[in-house]
$ cat final-v4.cif   # mmCIF, C-alpha atoms
data_query
loop_
_atom_site.label_atom_id
_atom_site.label_comp_id
_atom_site.auth_asym_id
_atom_site.auth_seq_id
_atom_site.Cartn_x
_atom_site.Cartn_y
_atom_site.Cartn_z
CA MET A 1 19.48 -17.84 -11.44
CA ILE A 2 20.80 -17.73 -7.90
CA GLU A 3 24.16 -16.41 -9.09
CA HIS A 4 22.49 -13.33 -10.62
CA ARG A 5 20.18 -12.76 -7.68
CA HIS A 6 20.99 -9.08 -7.04
CA ALA A 7 20.77 -8.14 -10.71
CA LEU A 8 17.45 -9.92 -11.07
CA GLU A 9 15.99 -8.39 -7.91
CA ASP A 10 17.01 -4.95 -9.08
CA LEU A 11 15.21 -5.47 -12.40
CA LEU A 12 12.10 -6.88 -10.70
CA PHE A 13 11.86 -4.01 -8.20
CA ARG A 14 12.28 -1.42 -10.94
CA MET A 15 9.53 -2.99 -13.05
CA ALA A 16 7.16 -3.73 -10.15
CA ASP A 17 7.47 -0.26 -8.63
CA ASP A 18 6.91 1.36 -12.04
CA ALA A 19 3.74 -0.69 -12.53
CA LEU A 20 2.43 -0.02 -9.01
CA ILE A 21 3.03 3.72 -8.95
CA TYR A 22 1.92 4.24 -12.54
CA GLY A 23 -1.21 2.15 -11.96
CA HIS A 24 -2.01 4.06 -8.79
CA ARG A 25 -1.52 7.46 -10.46
CA ASN A 26 -3.74 6.50 -13.39
CA SER A 27 -6.41 5.14 -11.04
CA GLU A 28 -6.75 8.70 -9.70
CA TRP A 29 -8.71 9.44 -12.90
CA THR A 30 -11.38 6.88 -12.03
CA GLY A 31 -14.67 8.77 -11.95
CA LEU A 32 -13.03 11.90 -13.36
CA ALA A 33 -11.90 10.99 -16.88
CA PRO A 34 -13.48 13.12 -19.62
CA ILE A 35 -16.27 10.75 -20.69
CA LEU A 36 -17.77 7.58 -19.25
CA GLU A 37 -16.34 5.23 -21.89
CA GLU A 38 -12.85 6.63 -21.39
CA ASP A 39 -13.23 6.47 -17.62
CA ILE A 40 -13.89 2.72 -17.85
CA ALA A 41 -11.07 2.11 -20.32
CA PHE A 42 -8.44 4.11 -18.43
CA SER A 43 -9.44 2.61 -15.05
CA SER A 44 -9.27 -0.86 -16.51
CA ILE A 45 -5.77 -0.19 -17.83
CA ALA A 46 -4.72 1.09 -14.39
CA GLN A 47 -6.05 -2.11 -12.86
CA ASP A 48 -4.04 -4.19 -15.35
CA LYS A 49 -0.89 -2.38 -14.20
CA LEU A 50 -1.59 -3.23 -10.57
CA GLY A 51 -1.94 -6.84 -11.74
CA HIS A 52 1.51 -6.66 -13.37
CA ALA A 53 2.94 -5.20 -10.16
CA LEU A 54 1.42 -8.05 -8.13
CA ALA A 55 2.88 -10.69 -10.47
CA LEU A 56 6.35 -9.12 -10.17
CA TYR A 57 6.19 -8.71 -6.36
CA ARG A 58 5.17 -12.39 -6.19
CA MET A 59 8.37 -13.34 -7.99
CA LEU A 60 10.29 -11.35 -5.37
CA ALA A 61 8.33 -13.06 -2.56
CA ASP A 62 9.23 -16.42 -4.12
CA MET A 63 12.89 -15.38 -3.94
CA GLY A 64 12.59 -14.84 -0.19
CA HIS A 65 11.33 -11.26 0.03
CA ALA A 66 8.24 -10.22 2.00
CA GLN A 67 4.74 -10.81 0.67
CA PRO A 68 3.47 -8.53 -2.15
CA ASP A 69 1.27 -6.36 0.12
CA THR A 70 4.17 -5.79 2.49
CA LEU A 71 6.45 -4.83 -0.38
CA ALA A 72 3.86 -2.49 -1.85
CA PHE A 73 2.64 -0.80 1.33
CA THR A 74 5.44 -0.75 3.90
CA ARG A 75 8.58 0.34 2.10
CA ASN A 76 9.60 3.97 2.39
CA GLU A 77 10.21 6.39 -0.44
CA ARG A 78 13.96 5.76 -0.64
CA GLU A 79 13.36 2.04 -1.12
CA PHE A 80 11.23 2.54 -4.22
CA ARG A 81 12.94 1.98 -7.57
CA CYS A 82 10.36 3.50 -9.94
CA CYS A 83 11.37 6.13 -12.47
CA GLN A 84 10.20 9.68 -11.76
CA LEU A 85 7.97 9.72 -14.86
CA VAL A 86 5.36 7.51 -13.19
CA GLU A 87 5.23 9.59 -9.99
CA LEU A 88 4.19 12.85 -11.62
CA PRO A 89 0.68 14.04 -10.78
CA THR A 90 -1.51 14.66 -13.81
CA GLN A 91 -3.91 17.55 -13.35
CA ASP A 92 -4.35 17.79 -17.11
CA TYR A 93 -5.69 14.76 -18.96
CA ALA A 94 -3.35 15.63 -21.84
CA VAL A 95 -0.42 14.90 -19.49
CA ALA A 96 -1.99 11.60 -18.41
CA LEU A 97 -2.49 10.53 -22.04
CA MET A 98 0.95 11.62 -23.23
CA ARG A 99 2.66 9.80 -20.35
CA HIS A 100 0.49 6.78 -21.13
CA ALA A 101 1.90 6.68 -24.68
CA LEU A 102 5.51 7.32 -23.65
CA PHE A 103 5.48 4.76 -20.85
CA ASP A 104 3.37 2.00 -22.35
CA ILE A 105 5.28 1.82 -25.62
CA ALA A 106 8.43 1.34 -23.49
CA GLU A 107 6.58 -1.34 -21.49
CA GLN A 108 5.54 -3.12 -24.66
CA ILE A 109 9.12 -3.30 -25.93
CA ARG A 110 10.47 -4.27 -22.50
CA TYR A 111 8.07 -7.22 -22.19
CA GLU A 112 8.73 -8.19 -25.82
CA MET A 113 12.44 -8.42 -24.96
CA LEU A 114 11.62 -10.42 -21.85
CA GLU A 115 9.70 -13.09 -23.76
CA SER A 116 13.02 -14.79 -24.40
CA SER A 117 14.43 -14.13 -20.91
CA ALA A 118 16.56 -16.82 -19.29
CA PHE A 119 14.54 -16.22 -16.09
CA ARG A 120 11.51 -18.33 -16.88
CA PRO A 121 8.89 -16.68 -14.63
CA LEU A 122 9.59 -13.35 -16.37
CA ALA A 123 9.41 -14.92 -19.82
CA GLU A 124 6.08 -16.53 -18.92
CA LEU A 125 4.69 -13.26 -17.53
CA ALA A 126 5.81 -11.42 -20.66
CA ARG A 127 3.90 -13.84 -22.88
CA LYS A 128 0.87 -13.66 -20.62
CA VAL A 129 0.56 -9.85 -20.62
CA ARG A 130 1.37 -9.37 -24.32
CA GLY A 131 -2.29 -8.91 -25.33
CA GLU A 132 -3.07 -6.56 -22.44
CA ILE A 133 -0.19 -4.27 -23.25
CA LYS A 134 -1.05 -4.36 -26.94
CA TYR A 135 -4.45 -2.90 -25.96
CA HIS A 136 -2.82 -0.31 -23.68
CA VAL A 137 -0.69 0.87 -26.61
CA PHE A 138 -3.68 0.82 -28.99
CA HIS A 139 -5.61 3.00 -26.52
CA ALA A 140 -2.68 5.40 -26.12
CA THR A 141 -1.83 5.79 -29.80
CA SER A 142 -5.49 6.21 -30.78
CA TRP A 143 -5.70 9.18 -28.40
CA LEU A 144 -2.40 10.56 -29.76
CA ARG A 145 -3.91 10.67 -33.25
CA MET A 146 -7.32 11.85 -32.05
CA LEU A 147 -5.87 14.86 -30.23
CA GLY A 148 -2.91 15.39 -32.59
CA SER A 149 -3.29 15.07 -36.36
CA ASN A 150 -7.09 14.63 -36.05
CA GLY A 151 -7.46 17.18 -33.27
CA THR A 152 -7.95 20.90 -32.86
CA ASP A 153 -5.32 23.62 -32.35
CA GLU A 154 -6.05 23.53 -28.62
CA SER A 155 -5.79 19.74 -28.26
CA ARG A 156 -2.55 19.64 -30.26
CA ALA A 157 -1.04 22.48 -28.22
CA ARG A 158 -1.92 20.86 -24.89
CA MET A 159 -0.57 17.48 -25.95
CA GLN A 160 2.61 19.07 -27.33
CA ALA A 161 3.14 20.96 -24.05
CA ALA A 162 2.69 17.66 -22.20
CA LEU A 163 5.24 15.98 -24.48
CA ASP A 164 7.79 18.76 -23.99
CA MET A 165 7.36 18.58 -20.20
CA LEU A 166 7.41 14.76 -19.99
CA PHE A 167 10.13 13.86 -22.50
CA PRO A 168 13.10 14.29 -20.10
CA TYR A 169 11.25 12.17 -17.54
CA ALA A 170 10.47 9.52 -20.18
CA LEU A 171 14.20 9.20 -20.89
CA GLY A 172 14.55 8.54 -17.16
CA ILE A 173 12.77 5.20 -17.67
CA PHE A 174 16.04 3.99 -19.17
CA GLU A 175 18.34 5.20 -16.39
CA PRO A 176 21.43 2.98 -16.64
CA SER A 177 21.65 0.26 -14.02
CA ARG A 178 24.90 -1.12 -12.64
CA TYR A 179 23.42 -4.54 -13.37
CA ASP A 180 22.76 -3.91 -17.09
CA GLU A 181 25.86 -5.79 -18.21
CA GLU A 182 25.21 -8.76 -15.93
CA LEU A 183 21.51 -8.92 -16.91
CA SER A 184 22.50 -8.87 -20.56
CA THR A 185 25.29 -11.48 -20.46
CA SER A 186 23.18 -13.82 -18.33
CA GLY A 187 20.36 -13.63 -20.88
CA ILE A 188 17.85 -12.21 -18.40
CA PHE A 189 17.31 -8.82 -20.04
CA PRO A 190 19.24 -7.01 -22.80
CA GLY A 191 19.56 -3.82 -20.72
CA GLU A 192 18.20 -0.29 -20.49
CA ALA A 193 20.41 1.19 -23.24
CA GLU A 194 19.14 -1.36 -25.74
CA LEU A 195 15.56 -0.70 -24.61
CA GLN A 196 15.95 3.06 -25.01
CA HIS A 197 17.38 2.56 -28.48
CA ARG A 198 14.41 0.44 -29.56
CA TRP A 199 11.96 2.80 -27.85
CA LEU A 200 13.28 5.80 -29.77
CA ASP A 201 13.00 3.85 -33.04
CA GLU A 202 9.36 3.26 -32.24
CA ILE A 203 8.12 6.37 -30.39
CA VAL A 204 9.61 9.04 -32.67
CA PRO A 205 7.68 8.00 -35.82
CA VAL A 206 4.51 7.37 -33.77
CA LEU A 207 4.66 10.91 -32.35
CA GLU A 208 5.64 12.56 -35.63
CA ASN A 209 2.95 10.77 -37.60
CA SER A 210 0.41 11.88 -35.01
CA GLY A 211 1.29 15.54 -35.51
CA TYR A 212 3.81 16.29 -32.73
CA ARG A 213 7.36 17.65 -32.66
CA VAL A 214 9.73 15.36 -30.77
CA PRO A 215 12.21 17.33 -28.64
CA SER A 216 15.79 17.05 -29.83
CA LEU A 217 17.73 14.51 -27.78
CA ASP A 218 20.75 16.82 -27.57
CA ALA A 219 18.67 19.53 -25.94
CA VAL A 220 17.17 17.26 -23.29
CA GLU A 221 18.67 16.26 -19.97
CA PRO A 222 17.18 12.90 -18.87
CA VAL A 223 15.70 12.92 -15.35
CA TYR A 224 17.54 10.17 -13.50
CA GLY A 225 17.55 9.20 -9.82
CA GLY A 226 14.39 7.15 -9.43
CA ARG A 227 16.16 3.85 -10.03
CA SER A 228 18.47 4.49 -7.08
CA GLY A 229 15.76 5.78 -4.75
CA TYR A 230 15.97 9.52 -5.45
CA HIS A 231 12.47 10.70 -6.24
CA SER A 232 10.51 13.83 -7.06
CA GLU A 233 8.61 15.60 -4.26
CA HIS A 234 5.46 13.85 -5.54
CA LEU A 235 6.22 10.26 -4.51
CA GLY A 236 6.06 10.84 -0.73
CA PRO A 237 2.49 12.22 -0.71
CA LEU A 238 1.45 9.50 -3.15
CA LEU A 239 2.77 6.77 -0.83
CA ASP A 240 1.08 8.41 2.19
CA GLU A 241 -2.24 8.30 0.41
CA MET A 242 -1.80 4.87 -1.15
CA THR A 243 -0.86 3.21 2.14
CA ALA A 244 -3.33 5.07 4.42
CA VAL A 245 -5.89 2.26 4.56
CA PHE A 246 -3.25 -0.45 4.90
CA ARG A 247 -1.64 1.35 7.85
CA LEU A 248 -4.95 1.46 9.75
CA ASP A 249 -4.58 -2.25 10.38
CA PRO A 250 -1.58 -3.92 8.73
CA ASP A 251 -2.67 -7.38 9.87
CA ALA A 252 -6.20 -7.12 8.49
CA GLU A 253 -7.34 -9.96 6.24
CA TRP A 254 -8.68 -8.69 2.93
CA MET B 1 -34.49 30.01 -37.70
CA SER B 2 -38.05 31.25 -37.33
CA ARG B 3 -39.03 32.34 -33.84
CA THR B 4 -42.67 32.91 -34.59
CA VAL B 5 -43.89 29.38 -33.90
CA THR B 6 -42.00 27.72 -31.03
CA LEU B 7 -42.00 24.11 -30.00
CA GLN B 8 -44.57 23.37 -27.29
CA SER B 9 -43.68 20.45 -25.11
CA LEU B 10 -45.30 18.74 -22.12
CA ASP B 11 -42.05 19.56 -20.37
CA PRO B 12 -42.18 23.30 -19.56
CA ARG B 13 -38.36 23.46 -19.55
CA VAL B 14 -38.37 22.52 -23.25
CA SER B 15 -41.08 25.05 -24.06
CA ARG B 16 -39.12 27.82 -22.30
CA LEU B 17 -36.18 27.23 -24.68
CA GLU B 18 -38.30 28.74 -27.47
CA ILE B 19 -37.09 26.29 -30.06
CA ALA B 20 -38.53 26.91 -33.49
CA ALA B 21 -41.18 24.35 -34.32
CA GLU B 22 -39.92 24.09 -37.89
CA GLN B 23 -36.30 22.95 -37.99
CA GLU B 24 -33.78 22.74 -40.80
CA PRO B 25 -33.35 19.06 -41.77
CA PHE B 26 -30.65 17.41 -39.63
CA GLU B 27 -27.52 16.90 -41.70
CA GLY B 28 -25.70 14.63 -39.26
CA VAL B 29 -22.66 15.19 -37.08
CA PRO B 30 -19.42 15.99 -38.92
CA GLU B 31 -16.70 13.35 -38.38
CA GLY B 32 -14.67 14.01 -35.24
CA SER B 33 -16.59 17.12 -34.19
CA HIS B 34 -18.76 15.41 -31.63
CA LEU B 35 -19.46 12.04 -30.11
CA GLN B 36 -21.53 9.69 -32.24
CA THR B 37 -23.30 6.47 -31.42
CA PHE B 38 -21.91 3.14 -32.54
CA GLU B 39 -23.50 -0.29 -32.18
CA VAL B 40 -21.26 -3.02 -30.79
CA PHE B 41 -21.35 -6.70 -31.80
CA HIS B 42 -19.53 -9.29 -29.72
CA GLN B 43 -18.08 -12.61 -30.90
CA ALA B 44 -17.51 -15.10 -28.09
CA LYS B 45 -15.42 -17.60 -30.05
CA SER B 46 -13.97 -17.98 -33.49
CA GLY B 47 -16.66 -18.99 -35.99
CA ALA B 48 -19.55 -17.99 -33.70
CA ARG B 49 -21.88 -15.24 -34.87
CA HIS B 50 -21.42 -11.69 -33.67
CA ILE B 51 -24.18 -10.73 -31.26
CA HIS B 52 -25.39 -7.18 -30.67
CA VAL B 53 -24.52 -6.24 -27.09
CA GLY B 54 -25.27 -2.52 -26.93
CA SER B 55 -24.09 0.86 -28.10
CA ILE B 56 -21.23 3.20 -27.34
CA HIS B 57 -20.35 6.88 -27.72
CA ALA B 58 -17.12 7.76 -29.50
CA PRO B 59 -15.77 10.53 -31.73
CA ASN B 60 -14.81 8.16 -34.56
CA ALA B 61 -14.63 4.48 -35.51
CA GLU B 62 -11.13 3.92 -34.10
CA MET B 63 -12.04 5.35 -30.70
CA ALA B 64 -15.25 3.30 -30.81
CA MET B 65 -13.06 0.17 -31.07
CA VAL B 66 -10.89 1.40 -28.19
CA PHE B 67 -13.91 1.99 -25.96
CA ALA B 68 -15.90 -1.08 -27.05
CA LYS B 69 -13.06 -3.37 -26.00
CA GLU B 70 -13.19 -2.30 -22.36
CA GLN B 71 -16.93 -1.70 -22.33
CA TYR B 72 -18.08 -5.01 -23.74
CA ALA B 73 -15.13 -7.41 -23.68
CA ARG B 74 -13.34 -6.91 -20.38
CA ARG B 75 -15.23 -9.63 -18.52
CA SER B 76 -16.64 -12.42 -20.67
CA GLN B 77 -14.79 -14.48 -23.27
CA CYS B 78 -14.31 -12.58 -26.53
CA VAL B 79 -12.28 -13.04 -29.71
CA ASN B 80 -13.57 -10.18 -31.86
CA LEU B 81 -15.80 -7.11 -31.88
CA TRP B 82 -17.59 -5.22 -34.64
CA VAL B 83 -18.53 -1.59 -34.30
CA VAL B 84 -21.00 -0.04 -36.74
CA LYS B 85 -22.13 3.56 -36.86
CA SER B 86 -25.71 3.50 -35.54
CA SER B 87 -26.79 5.82 -38.36
CA GLU B 88 -25.68 3.20 -40.90
CA ILE B 89 -28.05 0.56 -39.57
CA ILE B 90 -30.98 0.14 -41.97
CA ALA B 91 -34.15 -0.59 -40.05
CA PHE B 92 -37.91 -0.74 -40.43
CA SER B 93 -39.82 2.23 -39.13
CA PRO B 94 -41.54 1.64 -35.78
CA ASP B 95 -44.74 2.54 -37.66
CA ASP B 96 -44.32 -0.63 -39.69
CA ALA B 97 -44.60 -2.94 -36.68
CA ASP B 98 -47.95 -4.10 -38.13
CA LEU B 99 -45.92 -5.93 -40.80
CA PHE B 100 -45.07 -8.47 -38.13
CA ALA B 101 -48.34 -8.42 -36.21
CA THR B 102 -49.83 -11.76 -37.31
CA THR B 103 -46.58 -13.76 -37.15
CA PRO B 104 -47.30 -15.28 -33.69
CA ASP B 105 -50.57 -16.74 -35.09
CA LYS B 106 -48.75 -18.70 -37.77
CA ASP B 107 -47.43 -21.45 -35.54
CA TYR B 108 -47.47 -23.86 -38.49
CA ARG B 109 -44.30 -22.01 -39.56
CA ASP B 110 -42.67 -22.87 -36.27
CA ALA B 111 -40.82 -26.17 -36.05
CA SER B 112 -42.25 -26.67 -32.56
CA GLY B 113 -45.71 -26.83 -34.21
CA TYR B 114 -44.92 -30.39 -35.30
CA LYS B 115 -45.53 -33.09 -32.69
CA VAL B 116 -42.44 -35.08 -33.65
CA MET B 117 -41.52 -36.25 -30.17
CA GLN B 118 -44.68 -38.38 -29.87
CA LYS B 119 -43.85 -40.12 -33.15
CA ILE B 120 -40.29 -40.81 -31.99
CA LEU B 121 -41.49 -42.25 -28.68
CA ALA B 122 -44.04 -44.45 -30.42
CA TRP B 123 -41.36 -45.71 -32.80
CA LYS B 124 -38.95 -46.45 -29.90
CA GLN B 125 -41.69 -48.37 -28.09
CA ARG B 126 -42.44 -50.43 -31.19
CA LEU B 127 -38.74 -51.14 -31.67
CA GLN B 128 -38.44 -52.33 -28.03
CA GLN B 129 -41.47 -54.60 -28.40
CA GLU B 130 -40.07 -56.12 -31.60
CA GLN B 131 -36.69 -56.75 -29.93
CA SER B 132 -38.24 -58.43 -26.87
CA GLN B 133 -40.45 -60.58 -29.12
CA SER B 134 -37.50 -61.74 -31.21
CA GLN B 135 -35.57 -62.60 -27.99
CA GLN B 136 -38.48 -64.68 -26.71
CA SER B 137 -38.76 -66.60 -29.99
CA GLN B 138 -35.07 -67.59 -29.86
CA PRO B 139 -34.40 -71.14 -28.47
#
$ encode --input "final-v4.cif" --output "structure tokens"
Amino acid sequence: MIEHRHALEDLLFRMADDALIYGHRNSEWTGLAPILEEDIAFSSIAQDKLGHALALYRMLADMGHAQPDTLAFTRNEREFRCCQLVELPTQDYAVALMRHALFDIAEQIRYEMLESSAFRPLAELARKVRGEIKYHVFHATSWLRMLGSNGTDESRARMQAALDMLFPYALGIFEPSRYDEELSTSGIFPGEAELQHRWLDEIVPVLENSGYRVPSLDAVEPVYGGRSGYHSEHLGPLLDEMTAVFRLDPDAEW
Amino acid sequence: MSRTVTLQSLDPRVSRLEIAAEQEPFEGVPEGSHLQTFEVFHQAKSGARHIHVGSIHAPNAEMAMVFAKEQYARRSQCVNLWVVKSSEIIAFSPDDADLFATTPDKDYRDASGYKVMQKILAWKQRLQQEQSQSQQSQP
């Protein structure tokens, strides 16, 4: 894999940063989610995502990068490769749940594609997390139905507003990478365009069957930039908060 | 709702609510309108029995599954869960506890009532004696 090192690193950083930032954002609901049972479930999912981030940073460390904690807590905003979708703060639980569905269905398909990756550590990770992500999607789609087709006028309206706001950001997950071609021909990953195609095939019927209107693709401008280090105004404050304890004593043993 | 006779409770906060003593019969919670209680049964490995591990609040059966997974299966080994609406459990009334009152007296129905171990030990001892005797009698 040494000949495709840059392409592989780019993919790993994009995935790891997504998982870390998304996991951190969702963990903000710990103690605040609407009911106790949901609080436990959503926190547990957030913790799973941090686990995925750790596994991916470890692969980078094995390739000669710094240790996972250093990668997670000492890089600056411009060095992060996460999409802007995962950075957005969620003051409304409807936004948290809608993002959960949009993002985790993309994650499920991405890891499915990676199960046959030529980069073995990724293929092994993909097989390992399959069950976890299946639960994440089950959790997300159950809520979609609960608050959509089985919901009230208010719940449907709030979820629809969240979908309309988030959809351009969700398309930003699949921001084209200059390594897409190389990743695809080397058998590491079929590429973001292919992923977006499969995601749309999956997410559109899920949303429609749950009682939502999917925004027309022609009318939506995808929010790109995250994959090349250009982020929303929300990532900086998030990093400040996330790294505050680490910065107190970077050499502390945990 | 009649307000003439109100519910008197030992808790003054309940009495102050002036709840009518006679209530309409409870018709149950309509599906999806409010959280209901579900009982959760946990299966540790394939083929093992499902064991009741507790209850959970959820608006419907699907959400009960979603919650039960993290609530009761995020730590220990698990291959399957059942959730059952608590209201669908058929149970004896607590008033009927006297049905079971004399059961502890009937230890003759308990396998441990039989003193089998003594018989086994006696048999093993006899067997050993016989073996040592037959060894001694050999030339």
$ resolve_selection --input "final-v4.cif" --expression "the PyMOL selection byres ((chain B) within 6 of (chain A))" --output "ChimeraX atom specification"
/B:66-67,70
$ atom_distance --input "final-v4.cif" --atom1 "atom CA of A:Asp153" --atom2 "atom CA of A:Leu88"
25.2 Å
$ residues_around --input "final-v4.cif" --residues "stretch 123-130 of chain A" --least-positions-apart "5" --cutoff "6 Å" --atoms "all atoms listed in the file" --output "mmCIF file with C-alpha atoms, in the coordinates of the input"
data_model
loop_
_atom_site.group_PDB
_atom_site.id
_atom_site.type_symbol
_atom_site.label_atom_id
_atom_site.label_comp_id
_atom_site.auth_asym_id
_atom_site.auth_seq_id
_atom_site.Cartn_x
_atom_site.Cartn_y
_atom_site.Cartn_z
ATOM 1 C CA TYR A 111 8.070 -7.220 -22.190
ATOM 2 C CA LEU A 114 11.620 -10.420 -21.850
ATOM 3 C CA GLU A 115 9.700 -13.090 -23.760
ATOM 4 C CA SER A 116 13.020 -14.790 -24.400
ATOM 5 C CA SER A 117 14.430 -14.130 -20.910
#
$ resolve_selection --input "final-v4.cif" --expression "the PyMOL selection byres ((chain B and resi 61) around 10)" --output "list in words"
Glu31, Gly32, Gln36, Thr37, Phe38, His57, Ala58, Pro59, Asn60, Glu62, Met63, Ala64, Met65, Val66, Phe67, Val83, Val84 and Lys85 of chain B
$ closest_residue --input "final-v4.cif" --among "A:Ser186, A:Gln91, A:Ser228, A:Gln196" --to "A:Ile109" --atoms "all atoms listed in the file"
A:Gln196
$ resolve_selection --input "final-v4.cif" --expression "the PyMOL selection byres ((chain A and resi 191) around 9)" --output "PDB file with C-alpha atoms, in the coordinates of the input"
ATOM      1  CA  PHE A 174      16.040   3.990 -19.170  1.00  0.00           C
ATOM      2  CA  PRO A 176      21.430   2.980 -16.640  1.00  0.00           C
ATOM      3  CA  SER A 177      21.650   0.260 -14.020  1.00  0.00           C
ATOM      4  CA  TYR A 179      23.420  -4.540 -13.370  1.00  0.00           C
ATOM      5  CA  ASP A 180      22.760  -3.910 -17.090  1.00  0.00           C
ATOM      6  CA  GLU A 181      25.860  -5.790 -18.210  1.00  0.00           C
ATOM      7  CA  GLU A 182      25.210  -8.760 -15.930  1.00  0.00           C
ATOM      8  CA  LEU A 183      21.510  -8.920 -16.910  1.00  0.00           C
ATOM      9  CA  SER A 184      22.500  -8.870 -20.560  1.00  0.00           C
ATOM     10  CA  ILE A 188      17.850 -12.210 -18.400  1.00  0.00           C
ATOM     11  CA  PHE A 189      17.310  -8.820 -20.040  1.00  0.00           C
ATOM     12  CA  PRO A 190      19.240  -7.010 -22.800  1.00  0.00           C
ATOM     13  CA  GLU A 192      18.200  -0.290 -20.490  1.00  0.00           C
ATOM     14  CA  ALA A 193      20.410   1.190 -23.240  1.00  0.00           C
ATOM     15  CA  GLU A 194      19.140  -1.360 -25.740  1.00  0.00           C
ATOM     16  CA  LEU A 195      15.560  -0.700 -24.610  1.00  0.00           C
ATOM     17  CA  GLN A 196      15.950   3.060 -25.010  1.00  0.00           C
TER      18      GLN A 196
END
$ atom_distance --input "final-v4.cif" --atom1 "atom CA of A:Pro222" --atom2 "atom CA of A:Asp164"
12.2 Å
$ residues_around --input "final-v4.cif" --residues "A:Lys49" --least-positions-apart "5" --cutoff "9 Å" --atoms "all atoms listed in the file" --output "JSON, numbers by chain"
{"A": [18, 19, 20, 21, 22, 23, 24, 44, 54]}
$ write_last_selection --input "final-v4.cif" --atoms "C-alpha atoms" --output "CSV table (one decimal), keeping the file's coordinate frame"
chain,number,residue,atom,x,y,z
A,18,ASP,CA,6.9,1.4,-12.0
A,19,ALA,CA,3.7,-0.7,-12.5
A,20,LEU,CA,2.4,0.0,-9.0
A,21,ILE,CA,3.0,3.7,-9.0
A,22,TYR,CA,1.9,4.2,-12.5
A,23,GLY,CA,-1.2,2.2,-12.0
A,24,HIS,CA,-2.0,4.1,-8.8
A,44,SER,CA,-9.3,-0.9,-16.5
A,54,LEU,CA,1.4,-8.0,-8.1
$ closest_residue --input "final-v4.cif" --among "B:His42, B:Gly28, B:Ile19, B:Ala101" --to "B:Glu88" --atoms "all atoms listed in the file"
B:Gly28
$ closest_residue --input "final-v4.cif" --among "B:Val14, B:Leu81, B:Ala73, B:Ala20" --to "B:Val40" --atoms "all atoms listed in the file"
B:Leu81
$ atom_distance --input "final-v4.cif" --atom1 "atom CA of B:Glu18" --atom2 "atom CA of B:Thr6"
5.2 Å
$ axis_aligned_box --input "final-v4.cif" --around "stretch 173-181 of chain A" --padding-each-side "4 Å" --output "lines of an AutoDock Vina configuration file"
center_x = 19.3
center_y = -0.3
center_z = -15.9
size_x = 21.1
size_y = 19.0
size_z = 14.5
$ residues_around --input "final-v4.cif" --residues "B:Leu17" --least-positions-apart "6" --cutoff "12 Å" --atoms "only C-alpha atoms" --output "MDAnalysis selection string"
chainID B and resid 3 6:9 11
$ decode --input "final-v4.cif" --residues "stretch 80-96 of chain B" --atoms "C-alpha atoms" --output "short mmCIF file (atom, residue, chain, number, x, y, z; two decimals), in the first residue's frame"
data_model
loop_
_atom_site.label_atom_id
_atom_site.label_comp_id
_atom_site.auth_asym_id
_atom_site.auth_seq_id
_atom_site.Cartn_x
_atom_site.Cartn_y
_atom_site.Cartn_z
CA ASN B 80 -31.30 -11.78 21.20
CA LEU B 81 -33.85 -9.76 23.16
CA TRP B 82 -37.60 -10.05 23.57
CA VAL B 83 -39.75 -7.09 24.50
CA VAL B 84 -43.33 -7.65 25.69
CA LYS B 85 -45.86 -5.00 26.59
CA SER B 86 -46.12 -5.17 30.40
CA SER B 87 -49.92 -4.97 30.14
CA GLU B 88 -49.92 -8.20 28.11
CA ILE B 89 -48.28 -10.21 30.88
CA ILE B 90 -50.87 -12.47 32.52
CA ALA B 91 -50.17 -12.79 36.22
CA PHE B 92 -51.70 -13.95 39.47
CA SER B 93 -53.11 -11.27 41.69
CA PRO B 94 -50.89 -10.40 44.68
CA ASP B 95 -53.94 -11.35 46.77
CA ASP B 96 -53.50 -14.93 45.59
#
